[in-house]
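Report on one structure; see the data block that follows.
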Amino acid sequence: MSDEGGMIGPLVLVVDDDPDARSTVCRMVRGLGYRVQACDSGREALRYLEAHRREVRLLLADLAMPQMDGGELVERARDLDPTLRAALLAEPGEPAADELLAGYRDLPLLAKPVGFSDLYGRLRELLGPPAASPSRQARPRSSRRPSGRHEV
């Protein structure tokens, strides 16, 4: 699992058994200003969701994962939090994905490899704009106070 980077705002849970795809999507989500958490399986994601009830606002789940596909994960996750928004990640033309998609037509889909603009549009549609992170908020230039020993 990855950390949330100390940001505020909506938390996105990215679930993909492919470490490269998971890492890429997480970097893009974080780069767009959203908090992100990563899991490598449906079981791990359900454990995270159970331990952090109602914190995750969006679940991005790979459709073609072993043991528990992304659609089943979304259904089980919504049993824990009916307000959870979700979208599936799938590679177009992948036979297993095409077959599975037929059962989850009500869920938004992002084609893999995920493009930055497609991801941005989907996140804004499902979550709205990200909240500003502490690093983007105005801060004083220096937190040091003069000691009185130096000329100002």
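Going through the structure tokens in order, the chains are called A, B, and so on, while each chain numbers its residues from 1 and the ligands are numbered from 1 in the order shown.
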What are the closest atom pairs, with distances in Å to one decimal, for each residue of region 95-132 of chain A lying within 10 Å of region 14-34 of chain A, using only C-alpha atoms, rows by chain and rising residue number, as CSV?
```
residue,atom,partner,partner_atom,distance
A:Lys112,CA,A:Ala21,CA,8.4
A:Pro113,CA,A:Ala21,CA,7.5
A:Val114,CA,A:Val25,CA,7.2
A:Gly115,CA,A:Met28,CA,9.0
A:Phe116,CA,A:Met28,CA,6.7
A:Ser117,CA,A:Met28,CA,9.9
A:Leu119,CA,A:Val29,CA,7.7
A:Tyr120,CA,A:Leu32,CA,7.0
A:Leu123,CA,A:Val29,CA,8.4
A:Arg124,CA,A:Leu32,CA,9.8
A:Leu127,CA,A:Tyr34,CA,9.5
A:Pro129,CA,A:Gly33,CA,8.4
A:Pro130,CA,A:Tyr34,CA,5.4
A:Ala131,CA,A:Gly33,CA,7.1
A:Ala132,CA,A:Gly33,CA,7.1
```
**Prompt:** Looking at A:Gly71, A:Gly128, A:Pro92, A:Pro82, which one is nearest to Asp106 (chain A), with distances taken over only C-alpha atoms?
**Reply:**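 Using only C-alpha atoms, Asp106 (chain A) sits closest to A:Gly71.
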**Contact residues around Leu126 (chain A) with only C-alpha atoms at 8 Å, ignoring same-chain residues under 3 positions, as number ranges by chain** = A: 58, 85, 122-123
**Item:** Secondary structure check, helix (DSSP H, G or I) residues of chain A, as a PyMOL selection string
**Value:** chain A and resi 19-31+42-51+70-80+95-101+116-127+134-136
**Item:** Minimum-distance residue to Val56 (chain A), chosen among A:Ala96, A:Val74, A:Ala90, A:Leu13 (using only C-alpha atoms)
**Value:**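 Selected residue with least distance to Val56 (chain A): A:Leu13.
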**Selection near Glu91 (chain A), 8 Å with only C-alpha atoms, sequence-local residues under 2 positions removed, as an MDAnalysis selection string** = chainID A and resid 89 93:94 97 111:113
Serialized selection, N, CA, C and O atoms, as a compact mmCIF listing (two decimals), in the first residue's frame:
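As written to disk, selection10.txt reads:
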```txt
# COMPACT_ATOMS: atom_id res chain seq x y z
N LEU A 89 -11.04 -0.02 -14.54
CA LEU A 89 -9.92 0.14 -15.46
C LEU A 89 -9.84 -1.15 -16.27
O LEU A 89 -9.85 -2.23 -15.70
N GLY A 93 -10.33 -4.67 -25.79
CA GLY A 93 -10.03 -5.82 -26.64
C GLY A 93 -9.51 -7.03 -25.89
O GLY A 93 -9.35 -8.09 -26.48
N GLU A 94 -9.23 -6.90 -24.60
CA GLU A 94 -8.80 -8.06 -23.81
C GLU A 94 -10.01 -8.97 -23.64
O GLU A 94 -11.03 -8.55 -23.09
N ALA A 97 -11.68 -9.17 -20.27
CA ALA A 97 -12.27 -7.89 -19.87
C ALA A 97 -13.58 -7.64 -20.61
O ALA A 97 -14.56 -7.21 -20.02
N ALA A 111 -10.09 3.29 -20.10
CA ALA A 111 -9.29 2.36 -20.88
C ALA A 111 -7.83 2.41 -20.44
O ALA A 111 -7.29 3.48 -20.16
N LYS A 112 -7.21 1.23 -20.35
CA LYS A 112 -5.80 1.14 -20.02
C LYS A 112 -5.00 1.01 -21.30
O LYS A 112 -5.45 0.34 -22.21
N PRO A 113 -3.83 1.61 -21.40
CA PRO A 113 -3.23 2.45 -20.38
C PRO A 113 -4.01 3.76 -20.23
O PRO A 113 -4.44 4.36 -21.22
```
**Prompt:** Could you state the separation of CA of Arg35 (chain A) and CA of Leu80 (chain A) in Å, given to one decimal place?
**Reply:**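 Between CA of Arg35 (chain A) and CA of Leu80 (chain A) the gap works out to 20.3 Å.
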**Request:** Choose the residue, out of A:Ala87, A:Leu11, A:Gly121, A:Arg47, that has the smallest atom-to-atom separation from Tyr104 (chain A); count only C-alpha atoms.
**Result:** A:Ala87
**Item:** Every residue of chain A that DSSP places in strand (DSSP E or B), as a PyMOL selection string
**Value:** chain A and resi 11-15+35-39+56-62+85-90+109-111
**Asked** Quick one: of A:Asp118, A:Asp40, A:Glu125, A:Glu50, who's nearest to Arg76 (chain A), counting only C-alpha atoms?
**Response**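 Smallest separation from Arg76 (chain A) among the options: A:Glu50.
The spacing separating CA of Gly42 (chain A) from CA of Asp79 (chain A) amounts to 13.8 Å.
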